[in-house]
Structures are given as C-alpha cells and as structure tokens.
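Undergrad: Quick one: the structure is below, questions incoming.
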Amino acid sequence: MKRIAVLTSGGDAPGLNAAIRAVVRTASYYNIETIGVKRGFKGLIEKEFEPLTPRSVGGILGRGGTILLTAREPRFKEKEFRQKAVENLKSENIDALFVIGGNGSFQGAYLLSKEFDFPIIGIPKTIDNDTFGTEYTIGFDTAVNNAMEAVDKIRDTGMSHERIFVVEVMGRKSGFIALDVGISSGADITLIPEYPFPLHVIVQKLKKSYESGKKFSIIVVAEGVTSAKTLAEVLEHYLKDEDLGGIRYSVLGYIQRGGSPTAKDRIIASRFGKKAVEYYLEGERDIMVAMENGKITKKPLSITFGKIKKPELEDFELVNILTL
Ligand code: F6P
C-alpha cells in the first residue's frame with residue numbers, strides 16, 4: 001500500500017482544512033494511507049507525524065486555520081535539515097510529500113526533491129493570492145470577504161462623521177487583496193504595490209471629491225505600499241488647510257486570515273486536494289496543482305517561486321473608473 005504525507009506550511013489560510021480533508025479522503029478512495037505532519041517543515045524535521053484517516057478529518061471542512069498547525073521554519077533553508085526531513089519520511093515508508101503552501105514553501109520543497117529525489121506535490125494556498133503559476137490560491141476569497149465586510153462597517157462610521165478613512169489590508173508584497181477589496185467595497189482610492197499612485201493625485205482626488213459634495217472617503221491600502229498610520233499622517237499634513245472632517249485609519253490585520261472559509265474556498269480546496277492525489281497516481285511529481293482559465297491543471301513546481309504574479313491592469317483601471 002502506498003503512503004503519502006501531507007503538511008501545511010507558512011501563513012495559515014481559510015480552506016486549509018478542506019484541502020487536508022480532500023487529500024486524505026481521495027487518497028483513501030484510491031487505497032493510499034495518509035500521514036499528517038504537524039507544524040509544517042518544523043514537524044518534518046522533528047518527525048511530528050500522525051496518521052490521518054477519512055474519519056479523523058470529519059467535521060473540519062468549515063473550520064478556519066489548520067488542524068495540522070503551521071509554521072515558518074528557517075532551518076529548512078539548510079541542507080542538513082532537509083536531509084533530516086527526507087530521512088524521517090523514508091523511515092516511515094512515505095512515498096511522496098504533499099505540501100499545502102505558498103511560493104516560499106514550494107521553493108524549500110523543490111530543493112528537497114532535487115537534492116534527495118523525493119516526490120513533491122504542491123497545493124497552493126495564501127490569502128495573498130500571489131503564487132506564480134496559478135490564478136487562485138486557497139484562502140483568498142475568504143480574506144477578501146472578511147476585509148470587504150470590515151470596510152462596509154467602516155463606511156458607516158466614515159459617512160456619519162464625514163471623515164476620510166484609510167484602511168490597511170494584508171499583502172506584504174502584493175495588491176490582490178487590496179484590489180478586490182477596493183472593487184467590492186467601492187473604495188474611493190485603492191493603493192497597491194504593483195501600480196503606484198502618486199501622492200499629489202490622491203490629495204487632488206480627495207479634494208475634488210469633497211468639493212463635489214462627497215464628504216467622506218475610503219482609501220484601501222495594501223500593507224506592501226505603506227502603513228495606514230503613515231498614510232493618514234501624510235494626508236493630514238497635506239490636507240491641513242482643508243475643512244475636512246478629519247482622517248482616521250484602521251489596520252484590519254489578522255482577522256483577514258481567520259474564520260470559516262467561504263463556499264468558494266471550500267470548493268476549490270476540495271478540487272485541488274482531489275486532483276493533487278490523482279496527479280500523483282498518474283505518475284506526476286514536483287508539480288503544483290493550479291487554476292488556469294477557471295480549470296484545474298498542473299504546473300512545474302520550479303516556476304512557482306522567484307517570479308512575480310501581477311494583478312490585471314484592467315482591474316486597477318476598473319477600481320479607479322468606478323469611483324467619484
Ligand atoms: O499570509 C500572507 C500574509 O498574510 C501577508 O500578507 C502578511 O504580510 C503575512 O502573511 C504576515 O504573516 P505572519 O505574521 O504570520 O508572518
């Protein structure tokens with residue numbers, strides 16, 4: 001009987017449990033045993049293994065976080081620890097490792113495969129949706145919905161007090177969350193790292209909007225551009241002579257990463273998990289399951305890191321066109 005291992009690595013994302021469940025149940029359907037690895041690569045090095053069964057992954061589909069726990073493990077950058085990881089896998093007769101992770105995790109897993117000839121199958125997750133080679137990563141939709149709902153609430157208080165609100169969303173290096181939150185919450189200005197927006201244009205836009213009778217504004221900023229606090233202070237300075245109702249800021253932070261996954265995240269995680277096992281059975285290795293034109297496909301693991309995935313310029317234009 002074949003045996004696979006599965007782990008979750010890097011920042012958590014809603015839908016990880018749905019992916020774990022799909023891997024375990026699909027594997028079982030094809031008579032493969034699954035071993036869960038706790039705490040990502042850390043647990044791989046320290047051999048924190050536990051058998052997963054179709055029953056043990058019951059009741060987790062709608063739960064946020066990850067039942068396997070997750071970690072960022074700096075030791076995995078060193079070959080001696082990757083070797084230890086492979087020794088641990090081989091000592092349990094495990095034939096392949098399924099990594100539910102983002103580009104950083106895939107880079108580590110790819111090295112492990114190249115150096116020690118150990119098969120890897122990747123399943124993309126990150127709320128940032130910035131993994132190259134796939135249109136979608138597990139967790140993105142839930143994060144966008146979490147942030148959109150928060151901005152809707154901030155809008156109520158912003159309107160009531162006729163204030164400018166700067167709302168910071170996650171995305172250390174990317175603007176996918178900010179862009180979709182900007183579009184779906186009707187933000188007046190959306191700032192993302194991929195398409196810079198000059199400060200004087202922001203100031204002009206706010207003044208124009210105020211003069212036209214709109215007395216409040218929402219600015220959504222990706223954390224990769226600047227902090228909400230800094231932006232609020234800069235705007236305060238440039239708008240100090242204007243009779244505006246004041247500027248406030250809000251950092252949404254980790255609430256974006258938590259909570260029950262949306263239907264979309266549960267469904268895509270289930271599809272990714274099932275297909276990952278089937279690709280493995282077809283003899284694939286060192287691939288990532290991916291979404292392309294709305295369909296599930298596979299990509300070489302080697303293309304998933306070191307390249308930048310950029311939001312569509314058209315979406316950036318959209319968010320700007322639809323504001324006053
Ligand atoms: O999951 C991606 C992400 O949410 C980034 O947007 C953010 O900068 C980062 O993780 C922070 O996570 P942590 O504090 O866990 O490193």
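In the structure tokens, chains take the letters A, B, ... in the order shown, each chain's residues start at 1, and ligands count up from 1 in the order shown.
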Can you pull out the residues contacting Gly133 (chain A)? Cut-off 10 Å, using only C-alpha atoms, and skip same-chain residues under 4 positions away; I want them as number ranges by chain.
TA: A: 103, 124, 288-292, 298-305, 307-309
Undergrad: For ligand 1, list the contacting residues at 12 Å or closer, counting only C-alpha atoms and all ligand atoms, as a ChimeraX atom specification.
TA: /A:9-14,65,70-73,101-105,124-131,137-140,143-144,168-178,222-227,252-258
Undergrad: Just how far from CA of Leu68 (chain A) is CA of Ser260 (chain A), in Å to one decimal?
TA: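 So the answer is 16.2 Å.
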Undergrad: Within 9 Å of Arg271 (chain A), counting only C-alpha atoms, which residues show up once you throw out same-chain ones fewer than 5 positions away? Write them as a ChimeraX atom specification, please.
TA: /A:19,22,266,276,296
Undergrad: Would you mind exporting all heavy atoms of the selected residues as a tab-separated table (two decimals), in the first residue's frame?
TA:
```tsv
chain	number	residue	atom	x	y	z
A	19	ALA	N	-8.69	21.34	2.23
A	19	ALA	CA	-7.69	20.70	1.36
A	19	ALA	C	-7.13	19.43	2.00
A	19	ALA	O	-6.97	18.40	1.33
A	19	ALA	CB	-6.56	21.69	1.05
A	22	ALA	N	-9.66	16.74	1.68
A	22	ALA	CA	-9.77	16.22	0.31
A	22	ALA	C	-8.60	15.29	-0.02
A	22	ALA	O	-8.79	14.25	-0.66
A	22	ALA	CB	-9.82	17.39	-0.68
A	266	ARG	N	-13.85	26.49	0.10
A	266	ARG	CA	-14.06	25.06	0.42
A	266	ARG	C	-14.06	24.23	-0.86
A	266	ARG	O	-13.50	23.13	-0.91
A	266	ARG	CB	-15.39	24.87	1.13
A	266	ARG	CG	-15.47	25.56	2.47
A	266	ARG	CD	-16.80	25.31	3.12
A	266	ARG	NE	-17.07	26.29	4.16
A	266	ARG	CZ	-17.99	26.15	5.08
A	266	ARG	NH1	-18.74	25.06	5.11
A	266	ARG	NH2	-18.19	27.08	5.99
A	276	ALA	N	-4.74	16.75	-6.76
A	276	ALA	CA	-3.33	16.56	-6.37
A	276	ALA	C	-3.03	15.07	-6.22
A	276	ALA	O	-2.02	14.57	-6.71
A	276	ALA	CB	-3.06	17.30	-5.06
A	296	ILE	N	-8.82	23.28	-13.30
A	296	ILE	CA	-7.68	22.77	-12.52
A	296	ILE	C	-6.68	22.13	-13.47
A	296	ILE	O	-7.05	21.32	-14.34
A	296	ILE	CB	-8.13	21.69	-11.50
A	296	ILE	CG1	-9.34	22.14	-10.69
A	296	ILE	CG2	-6.96	21.28	-10.60
A	296	ILE	CD1	-9.13	23.04	-9.55
```
Undergrad: Could you check how far CA of Leu231 (chain A) sits from CA of Glu312 (chain A), in Å to one decimal?
TA: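 Distance reported for this atom pair: 24.4 Å.
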Undergrad: Pull the closest atom pair for each residue of region 62-135 of chain A that gets at most 10 Å from region 34-54 of chain A, along with the distance in Å to one decimal, counting only C-alpha atoms, ordering rows by chain and then ascending residue number, as a tab-separated table.
TA:
```
residue	atom	partner	partner_atom	distance
A:Thr66	CA	A:Arg39	CA	9.5
A:Ile67	CA	A:Lys38	CA	8.4
A:Leu68	CA	A:Lys38	CA	4.9
A:Leu69	CA	A:Arg39	CA	4.8
A:Thr70	CA	A:Arg39	CA	4.2
A:Ala71	CA	A:Arg39	CA	5.2
A:Arg72	CA	A:Gly40	CA	7.5
A:Glu73	CA	A:Lys42	CA	5.6
A:Pro74	CA	A:Lys42	CA	8.8
A:Arg75	CA	A:Lys42	CA	8.0
A:Phe76	CA	A:Phe41	CA	6.7
A:Glu80	CA	A:Ile45	CA	9.9
A:Phe81	CA	A:Ile45	CA	6.3
A:Arg82	CA	A:Ile45	CA	7.3
A:Gln83	CA	A:Ile45	CA	8.6
A:Lys84	CA	A:Ile45	CA	5.8
A:Ala85	CA	A:Ile45	CA	4.6
A:Val86	CA	A:Leu44	CA	8.1
A:Glu87	CA	A:Ile45	CA	9.0
A:Asn88	CA	A:Lys47	CA	6.1
A:Leu89	CA	A:Leu44	CA	7.7
A:Ser91	CA	A:Lys47	CA	9.9
A:Glu92	CA	A:Ile35	CA	9.2
A:Ile94	CA	A:Ile35	CA	8.2
A:Ala96	CA	A:Thr34	CA	10.0
A:Leu97	CA	A:Ile35	CA	9.4
A:Phe98	CA	A:Gly36	CA	9.7
A:Val99	CA	A:Gly40	CA	8.4
A:Ile100	CA	A:Gly40	CA	9.0
A:Gly101	CA	A:Gly40	CA	9.0
A:Ser105	CA	A:Phe41	CA	8.5
A:Gly108	CA	A:Phe41	CA	8.9
A:Ala109	CA	A:Phe41	CA	9.0
```
Undergrad: When distances are computed from only C-alpha atoms, which of A:Asp95, A:Ile321, A:Ala147, A:Ile4 shows the smallest separation from Ser184 (chain A)?
TA: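 Looking only at the distances to Ser184 (chain A), the closest residue turns out to be A:Ala147.
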Undergrad: Given only C-alpha atoms as the basis, pick out the residue of A:Phe165, A:Tyr136, A:Phe316, A:Tyr29 nearest to Ile219 (chain A).
TA: A:Phe165
Undergrad: Which residue out of A:Ile218, A:Leu313, A:Val251, A:Val277 has the minimum interatomic distance to Arg25 (chain A) when only C-alpha atoms are used?
TA: A:Val277
Undergrad: When DSSP is applied to the backbone of this structure, which of region 167-213 of chain A are assigned strand (DSSP E or B)? Write them out as a PyMOL selection string.
TA: chain A and resi 167-169+189-192+195
Undergrad: Can those selected residues be exported to a file as a short mmCIF file (atom, residue, chain, number, x, y, z; two decimals), in the first residue's frame so that it contains all heavy atoms?
TA:
```cif
data_model
loop_
_atom_site.label_atom_id
_atom_site.label_comp_id
_atom_site.auth_asym_id
_atom_site.auth_seq_id
_atom_site.Cartn_x
_atom_site.Cartn_y
_atom_site.Cartn_z
N VAL A 167 -7.80 52.39 5.25
CA VAL A 167 -7.92 51.01 5.75
C VAL A 167 -6.78 50.17 5.16
O VAL A 167 -6.65 50.07 3.94
CB VAL A 167 -9.28 50.39 5.36
CG1 VAL A 167 -9.42 49.00 5.98
CG2 VAL A 167 -10.44 51.28 5.77
N GLU A 168 -5.98 49.61 6.06
CA GLU A 168 -4.84 48.79 5.60
C GLU A 168 -5.23 47.32 5.56
O GLU A 168 -5.73 46.78 6.55
CB GLU A 168 -3.67 49.00 6.56
CG GLU A 168 -2.43 48.21 6.20
CD GLU A 168 -1.35 48.36 7.27
OE1 GLU A 168 -1.11 49.48 7.76
OE2 GLU A 168 -0.75 47.32 7.62
N VAL A 169 -5.00 46.70 4.42
CA VAL A 169 -5.27 45.26 4.29
C VAL A 169 -3.96 44.52 4.08
O VAL A 169 -2.93 45.13 3.80
CB VAL A 169 -6.26 44.96 3.12
CG1 VAL A 169 -7.60 45.62 3.36
CG2 VAL A 169 -5.68 45.36 1.78
N ILE A 189 -10.23 55.25 -3.22
CA ILE A 189 -8.86 55.12 -3.70
C ILE A 189 -8.33 53.77 -3.24
O ILE A 189 -8.54 53.37 -2.09
CB ILE A 189 -7.97 56.26 -3.14
CG1 ILE A 189 -8.46 57.62 -3.70
CG2 ILE A 189 -6.49 56.04 -3.48
CD1 ILE A 189 -7.84 58.82 -3.05
N THR A 190 -7.67 53.07 -4.15
CA THR A 190 -7.09 51.76 -3.80
C THR A 190 -5.61 51.79 -4.17
O THR A 190 -5.27 52.07 -5.31
CB THR A 190 -7.81 50.63 -4.57
OG1 THR A 190 -9.21 50.69 -4.23
CG2 THR A 190 -7.27 49.26 -4.18
N LEU A 191 -4.77 51.51 -3.18
CA LEU A 191 -3.33 51.62 -3.41
C LEU A 191 -2.69 50.24 -3.31
O LEU A 191 -2.80 49.56 -2.28
CB LEU A 191 -2.71 52.56 -2.39
CG LEU A 191 -3.32 53.98 -2.37
CD1 LEU A 191 -2.77 54.79 -1.21
CD2 LEU A 191 -3.05 54.69 -3.70
N ILE A 192 -2.00 49.85 -4.38
CA ILE A 192 -1.36 48.53 -4.39
C ILE A 192 0.09 48.69 -4.87
O ILE A 192 0.40 49.63 -5.61
CB ILE A 192 -2.13 47.52 -5.28
CG1 ILE A 192 -2.21 47.98 -6.76
CG2 ILE A 192 -3.53 47.28 -4.74
CD1 ILE A 192 -2.83 46.95 -7.68
N TYR A 195 1.02 48.89 -8.97
CA TYR A 195 0.72 50.06 -9.82
C TYR A 195 0.73 51.31 -8.94
O TYR A 195 -0.29 51.68 -8.36
CB TYR A 195 -0.66 49.90 -10.49
CG TYR A 195 -0.77 48.66 -11.36
CD1 TYR A 195 -1.56 47.58 -10.96
CD2 TYR A 195 -0.07 48.56 -12.56
CE1 TYR A 195 -1.66 46.43 -11.74
CE2 TYR A 195 -0.16 47.42 -13.34
CZ TYR A 195 -0.95 46.36 -12.92
OH TYR A 195 -1.03 45.23 -13.70
#
```
Undergrad: Show which residues sit within 12 Å of Ala232 (chain A), as a list in words. Count only C-alpha atoms, and ignore same-chain residues fewer than 4 positions away.
TA: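 Contacts, in chain order: Arg163, Ile164, Phe165, Val166, Val167, Glu168, Leu199, Ile202, Val203, Ile218, Ile219, Val220, Val221, Thr226, Ser227, Ala228, Glu236, His237, Tyr238, Leu239, Lys240, Gly246, Ile247, Arg248, Tyr249, Ser250 and Val251 of chain A.
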Undergrad: For a quick check of understanding, using only C-alpha atoms, which of A:Thr323, A:Thr134, A:Ser212, A:Asn17 has the smallest distance to Gly122 (chain A)?
TA: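 Of A:Thr323, A:Thr134, A:Ser212, A:Asn17, the one nearest Gly122 (chain A), counting only C-alpha atoms, is A:Thr134.
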Undergrad: Please report, as a PyMOL selection string, each residue of region 167-277 of chain A to which DSSP assigns alpha helix (DSSP H) when run on this structure's backbone.
TA: chain A and resi 176-185+199-211+228-238+263-277
Undergrad: Create the file for the chosen residues now, containing N, CA and C atoms and written as a CSV table (one decimal), in the first residue's frame.
TA:
```csv
chain,number,residue,atom,x,y,z
A,176,PHE,N,-3.3,42.0,-4.5
A,176,PHE,CA,-4.5,41.3,-4.9
A,176,PHE,C,-5.6,41.5,-3.9
A,177,ILE,N,-5.4,41.4,-2.6
A,177,ILE,CA,-6.4,41.5,-1.6
A,177,ILE,C,-7.0,43.0,-1.7
A,178,ALA,N,-6.0,43.9,-1.7
A,178,ALA,CA,-6.5,45.4,-1.7
A,178,ALA,C,-7.3,45.7,-2.9
A,179,LEU,N,-6.9,45.2,-4.1
A,179,LEU,CA,-7.6,45.4,-5.3
A,179,LEU,C,-9.1,44.9,-5.3
A,180,ASP,N,-9.2,43.7,-4.9
A,180,ASP,CA,-10.6,43.1,-4.8
A,180,ASP,C,-11.4,43.7,-3.7
A,181,VAL,N,-10.7,44.1,-2.6
A,181,VAL,CA,-11.5,44.7,-1.5
A,181,VAL,C,-11.9,46.1,-2.0
A,182,GLY,N,-11.0,46.8,-2.7
A,182,GLY,CA,-11.4,48.1,-3.3
A,182,GLY,C,-12.5,48.0,-4.2
A,183,ILE,N,-12.5,47.1,-5.1
A,183,ILE,CA,-13.6,46.9,-6.1
A,183,ILE,C,-14.9,46.6,-5.4
A,184,SER,N,-14.8,45.6,-4.5
A,184,SER,CA,-16.1,45.1,-3.9
A,184,SER,C,-16.7,46.0,-2.8
A,185,SER,N,-15.8,46.9,-2.2
A,185,SER,CA,-16.4,47.7,-1.2
A,185,SER,C,-16.6,49.2,-1.7
A,199,LEU,N,1.2,60.6,-4.8
A,199,LEU,CA,0.6,61.2,-3.6
A,199,LEU,C,-0.3,62.5,-4.0
A,200,HIS,N,0.3,63.3,-4.9
A,200,HIS,CA,-0.5,64.5,-5.3
A,200,HIS,C,-1.8,64.2,-6.0
A,201,VAL,N,-1.8,63.0,-6.6
A,201,VAL,CA,-3.1,62.6,-7.3
A,201,VAL,C,-4.1,62.2,-6.2
A,202,ILE,N,-3.6,61.5,-5.2
A,202,ILE,CA,-4.5,61.1,-4.1
A,202,ILE,C,-5.1,62.4,-3.4
A,203,VAL,N,-4.2,63.3,-3.2
A,203,VAL,CA,-4.7,64.6,-2.5
A,203,VAL,C,-5.7,65.3,-3.4
A,204,GLN,N,-5.4,65.4,-4.6
A,204,GLN,CA,-6.3,66.1,-5.6
A,204,GLN,C,-7.7,65.4,-5.6
A,205,LYS,N,-7.6,64.1,-5.7
A,205,LYS,CA,-8.8,63.3,-5.8
A,205,LYS,C,-9.7,63.5,-4.5
A,206,LEU,N,-9.1,63.5,-3.4
A,206,LEU,CA,-9.8,63.7,-2.1
A,206,LEU,C,-10.5,65.1,-2.1
A,207,LYS,N,-9.7,66.1,-2.5
A,207,LYS,CA,-10.2,67.5,-2.5
A,207,LYS,C,-11.4,67.6,-3.5
A,208,LYS,N,-11.2,67.0,-4.7
A,208,LYS,CA,-12.2,67.1,-5.7
A,208,LYS,C,-13.5,66.5,-5.3
A,209,SER,N,-13.4,65.3,-4.7
A,209,SER,CA,-14.5,64.5,-4.2
A,209,SER,C,-15.2,65.3,-3.1
A,210,TYR,N,-14.5,66.0,-2.2
A,210,TYR,CA,-15.1,66.8,-1.2
A,210,TYR,C,-15.8,68.0,-1.7
A,211,GLU,N,-15.2,68.6,-2.7
A,211,GLU,CA,-15.8,69.8,-3.3
A,211,GLU,C,-17.1,69.5,-4.1
A,228,ALA,N,-1.1,52.2,7.1
A,228,ALA,CA,-2.3,53.1,7.1
A,228,ALA,C,-2.0,54.3,8.0
A,229,LYS,N,-1.2,54.1,9.1
A,229,LYS,CA,-0.9,55.2,10.0
A,229,LYS,C,0.0,56.2,9.3
A,230,THR,N,1.0,55.8,8.6
A,230,THR,CA,1.9,56.7,7.8
A,230,THR,C,1.0,57.5,6.8
A,231,LEU,N,0.2,56.8,6.1
A,231,LEU,CA,-0.5,57.4,5.0
A,231,LEU,C,-1.5,58.5,5.6
A,232,ALA,N,-2.1,58.1,6.7
A,232,ALA,CA,-3.1,59.0,7.4
A,232,ALA,C,-2.3,60.3,7.8
A,233,GLU,N,-1.1,60.1,8.4
A,233,GLU,CA,-0.4,61.2,8.8
A,233,GLU,C,0.0,62.2,7.7
A,234,VAL,N,0.5,61.5,6.6
A,234,VAL,CA,0.9,62.3,5.4
A,234,VAL,C,-0.3,63.1,4.9
A,235,LEU,N,-1.4,62.4,4.8
A,235,LEU,CA,-2.6,63.1,4.2
A,235,LEU,C,-3.1,64.2,5.2
A,236,GLU,N,-3.0,64.0,6.4
A,236,GLU,CA,-3.4,65.0,7.4
A,236,GLU,C,-2.5,66.3,7.2
A,237,HIS,N,-1.3,66.0,6.9
A,237,HIS,CA,-0.4,67.2,6.6
A,237,HIS,C,-0.8,67.9,5.4
A,238,TYR,N,-1.0,67.2,4.3
A,238,TYR,CA,-1.3,67.8,3.0
A,238,TYR,C,-2.7,68.4,3.0
A,263,ALA,N,-17.7,29.4,0.6
A,263,ALA,CA,-18.0,28.2,-0.2
A,263,ALA,C,-17.0,28.1,-1.3
A,264,LYS,N,-16.6,29.2,-1.9
A,264,LYS,CA,-15.6,29.1,-3.0
A,264,LYS,C,-14.3,28.5,-2.5
A,265,ASP,N,-13.8,28.9,-1.3
A,265,ASP,CA,-12.6,28.4,-0.8
A,265,ASP,C,-12.7,26.9,-0.4
A,266,ARG,N,-13.8,26.5,0.1
A,266,ARG,CA,-14.1,25.1,0.4
A,266,ARG,C,-14.1,24.2,-0.9
A,267,ILE,N,-14.7,24.8,-1.9
A,267,ILE,CA,-14.9,24.0,-3.1
A,267,ILE,C,-13.5,23.9,-3.9
A,268,ILE,N,-12.8,25.0,-4.0
A,268,ILE,CA,-11.5,25.0,-4.7
A,268,ILE,C,-10.5,24.1,-3.9
A,269,ALA,N,-10.5,24.3,-2.6
A,269,ALA,CA,-9.6,23.4,-1.8
A,269,ALA,C,-9.9,22.0,-2.0
A,270,SER,N,-11.2,21.6,-2.1
A,270,SER,CA,-11.6,20.2,-2.3
A,270,SER,C,-11.1,19.7,-3.7
A,271,ARG,N,-11.3,20.6,-4.7
A,271,ARG,CA,-10.9,20.2,-6.0
A,271,ARG,C,-9.4,20.1,-6.1
A,272,PHE,N,-8.7,21.0,-5.6
A,272,PHE,CA,-7.2,21.0,-5.6
A,272,PHE,C,-6.7,19.7,-4.9
A,273,GLY,N,-7.3,19.4,-3.7
A,273,GLY,CA,-6.8,18.2,-2.9
A,273,GLY,C,-7.0,16.9,-3.7
A,274,LYS,N,-8.2,16.8,-4.3
A,274,LYS,CA,-8.5,15.6,-5.0
A,274,LYS,C,-7.6,15.4,-6.2
A,275,LYS,N,-7.5,16.5,-7.0
A,275,LYS,CA,-6.7,16.4,-8.2
A,275,LYS,C,-5.2,16.2,-7.9
A,276,ALA,N,-4.7,16.7,-6.8
A,276,ALA,CA,-3.3,16.6,-6.4
A,276,ALA,C,-3.0,15.1,-6.2
A,277,VAL,N,-3.9,14.4,-5.6
A,277,VAL,CA,-3.7,12.9,-5.4
A,277,VAL,C,-3.8,12.2,-6.7
```
Undergrad: Using CA of Lys77 (chain A) and CA of Phe116 (chain A) as the two end points, give the distance in Å to one decimal.
TA: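 Result for CA of Lys77 (chain A) versus CA of Phe116 (chain A): 14.4 Å, one decimal.
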